[in-house]
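Chemist: my_file-v1.pdb is reproduced in full below (PDB, C-alpha atoms, pLDDT in the B column).
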ATOM      1  CA  MET A 918       0.000   0.000   0.000  1.00 54.00           C
ATOM      2  CA  THR A 919       1.485   3.327  -1.057  1.00 64.00           C
ATOM      3  CA  LYS A 920       0.475   6.674   0.312  1.00 69.00           C
ATOM      4  CA  VAL A 921       0.953   9.645  -2.005  1.00 72.00           C
ATOM      5  CA  MET A 922       1.800  12.963  -0.412  1.00 69.00           C
ATOM      6  CA  SER A 923       1.880  16.281  -2.263  1.00 73.00           C
ATOM      7  CA  VAL A 924       3.836  19.229  -0.954  1.00 67.00           C
ATOM      8  CA  THR A 925       3.527  22.684  -2.490  1.00 70.00           C
ATOM      9  CA  ILE A 926       6.348  25.098  -1.794  1.00 66.00           C
ATOM     10  CA  ASP A 927       4.997  27.827  -4.146  1.00 69.00           C
ATOM     11  CA  ASP A 928       6.618  31.290  -4.078  1.00 70.00           C
ATOM     12  CA  ARG A 929       8.733  30.551  -0.978  1.00 73.00           C
ATOM     13  CA  LYS A 930      10.786  27.977  -2.865  1.00 71.00           C
ATOM     14  CA  ASP A 931      13.496  30.483  -3.831  1.00 75.00           C
ATOM     15  CA  PHE A 932      13.786  31.699  -0.249  1.00 76.00           C
ATOM     16  CA  ILE A 933      14.011  28.147   1.059  1.00 73.00           C
ATOM     17  CA  GLU A 934      16.633  27.205  -1.527  1.00 74.00           C
ATOM     18  CA  ASP A 935      18.673  30.303  -0.672  1.00 78.00           C
ATOM     19  CA  GLN A 936      18.544  29.549   3.047  1.00 77.00           C
ATOM     20  CA  LEU A 937      18.932  25.773   2.994  1.00 77.00           C
ATOM     21  CA  GLY A 938      20.279  24.751  -0.377  1.00 78.00           C
ATOM     22  CA  ASP A 939      19.029  22.077  -2.738  1.00 79.00           C
ATOM     23  CA  GLU A 940      20.689  19.269  -0.796  1.00 84.00           C
ATOM     24  CA  ALA A 941      18.769  20.080   2.372  1.00 82.00           C
ATOM     25  CA  ILE A 942      15.479  20.185   0.483  1.00 80.00           C
ATOM     26  CA  ASP A 943      16.261  16.885  -1.221  1.00 85.00           C
ATOM     27  CA  ALA A 944      17.184  15.343   2.139  1.00 88.00           C
ATOM     28  CA  GLY A 945      13.944  16.582   3.661  1.00 86.00           C
ATOM     29  CA  LEU A 946      11.872  15.162   0.828  1.00 87.00           C
ATOM     30  CA  GLN A 947      13.718  11.845   1.059  1.00 92.00           C
ATOM     31  CA  HIS A 948      12.990  11.777   4.789  1.00 93.00           C
ATOM     32  CA  LEU A 949       9.277  12.243   4.061  1.00 92.00           C
ATOM     33  CA  ARG A 950       9.398   9.375   1.540  1.00 93.00           C
ATOM     34  CA  ASP A 951      11.202   7.156   4.053  1.00 95.00           C
ATOM     35  CA  GLN A 952       8.627   7.936   6.726  1.00 95.00           C
ATOM     36  CA  ALA A 953       5.804   7.033   4.327  1.00 93.00           C
ATOM     37  CA  GLU A 954       7.497   3.699   3.553  1.00 95.00           C
ATOM     38  CA  ILE A 955       7.997   2.944   7.242  1.00 96.00           C
ATOM     39  CA  GLU A 956       4.337   3.693   7.934  1.00 95.00           C
ATOM     40  CA  ALA A 957       3.275   1.380   5.082  1.00 95.00           C
ATOM     41  CA  ILE A 958       5.435  -1.408   6.523  1.00 96.00           C
ATOM     42  CA  ARG A 959       3.963  -0.863   9.994  1.00 96.00           C
ATOM     43  CA  ALA A 960       0.435  -1.056   8.564  1.00 96.00           C
ATOM     44  CA  ALA A 961       1.281  -4.290   6.715  1.00 96.00           C
ATOM     45  CA  ILE A 962       2.714  -5.834   9.882  1.00 96.00           C
ATOM     46  CA  ILE A 963      -0.394  -4.938  11.860  1.00 95.00           C
ATOM     47  CA  GLU A 964      -2.621  -6.332   9.110  1.00 95.00           C
ATOM     48  CA  GLY A 965      -0.633  -9.558   9.116  1.00 93.00           C
ATOM     49  CA  GLU A 966      -0.780  -9.885  12.898  1.00 93.00           C
ATOM     50  CA  GLN A 967      -4.553  -9.356  12.876  1.00 94.00           C
ATOM     51  CA  SER A 968      -5.157 -11.861  10.069  1.00 94.00           C
ATOM     52  CA  GLY A 969      -5.103 -14.825  12.424  1.00 91.00           C
ATOM     53  CA  GLU A 970      -3.011 -17.927  12.835  1.00 91.00           C
ATOM     54  CA  PRO A 971      -1.005 -19.171   9.869  1.00 88.00           C
ATOM     55  CA  GLN A 972      -2.411 -22.080   7.900  1.00 90.00           C
ATOM     56  CA  GLU A 973      -0.555 -25.094   6.552  1.00 93.00           C
ATOM     57  CA  PHE A 974       0.566 -24.641   2.938  1.00 94.00           C
ATOM     58  CA  ASP A 975       1.337 -27.539   0.629  1.00 95.00           C
ATOM     59  CA  GLY A 976       3.376 -26.093  -2.232  1.00 95.00           C
ATOM     60  CA  GLU A 977       3.231 -29.236  -4.350  1.00 95.00           C
ATOM     61  CA  GLU A 978      -0.545 -29.485  -4.056  1.00 95.00           C
ATOM     62  CA  PHE A 979      -0.839 -25.791  -4.947  1.00 95.00           C
ATOM     63  CA  LEU A 980       1.260 -26.289  -8.097  1.00 95.00           C
ATOM     64  CA  LYS A 981      -0.786 -29.339  -9.091  1.00 95.00           C
ATOM     65  CA  GLU A 982      -3.974 -27.302  -8.766  1.00 94.00           C
ATOM     66  CA  VAL A 983      -2.513 -24.428 -10.800  1.00 94.00           C
ATOM     67  CA  HIS A 984      -1.469 -26.859 -13.537  1.00 94.00           C
ATOM     68  CA  ARG A 985      -4.929 -28.457 -13.545  1.00 93.00           C
ATOM     69  CA  GLN A 986      -6.575 -25.068 -13.962  1.00 93.00           C
ATOM     70  CA  TYR A 987      -4.246 -23.274 -16.347  1.00 91.00           C
ATOM     71  CA  VAL A 988      -1.885 -25.637 -18.165  1.00 85.00           C
ATOM     72  CA  ARG A 989      -3.282 -27.430 -21.181  1.00 71.00           C
TER      73      ARG A 989
END
Using structure tokens, write down the structure that the file contains.

Modeler:
Amino acid sequence: MTKVMSVTIDDRKDFIEDQLGDEAIDAGLQHLRDQAEIEAIRAAIIEGEQSGEPQEFDGEEFLKEVHRQYVR
């Protein structure tokens, strides 16, 4: 799950670039992206924990079923 975030700097962009420099802005934006990724991972972990106990999985039986359905 990806969360899209829009940030508008508008007419203050030049001031910010003058005060901080492009590298600082890039680092800040990367930090926001990293935080969004971390939050997505946290949400996936919680979803997995709430999904219940794991169930037995037979890989060979699964492949046999896939072949029965799709391979001709």

Chemist: Could you tell me how far CA of Asp939 in chain A lies from CA of Ala953 in chain A, in Å and to one decimal?

Modeler: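 Taking CA of Asp939 in chain A as the start and CA of Ala953 in chain A as the end point, the length is 21.2 Å.
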
Chemist: Could you work out how far CA of Gly976 in chain A lies from CA of Ala961 in chain A, giving the answer in Å with one decimal?

Modeler: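 Between CA of Ala961 in chain A and CA of Gly976 in chain A the gap works out to 23.7 Å.
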
Chemist: Carefully work through the PyMOL selection byres ((chain A and resi 941-947) around 12) for this structure and note down the residues it includes, as a list in words.

Modeler: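 When the PyMOL selection byres ((chain A and resi 941-947) around 12) is applied, the selected residues are Met922, Ser923, Val924, Thr925, Ile926, Lys930, Asp931, Phe932, Ile933, Glu934, Asp935, Gln936, Leu937, Gly938, Asp939, Glu940, His948, Leu949, Arg950, Asp951, Gln952, Ala953 and Glu954 of chain A.
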
Chemist: Any idea what the distance is between CA of Val921 in chain A and CA of Arg959 in chain A?

Modeler: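 Taking CA of Val921 in chain A as the start and CA of Arg959 in chain A as the end point, the length is 16.2 Å.
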
Chemist: Please report, as JSON, the centre and edge lengths in Å to one decimal of an axis-aligned box covering all listed atoms of range 948-963 of chain A with 3 Å per side.

Modeler:
{"center_x": 6.3, "center_y": 3.2, "center_z": 6.7, "size_x": 19.4, "size_y": 24.1, "size_z": 16.3}
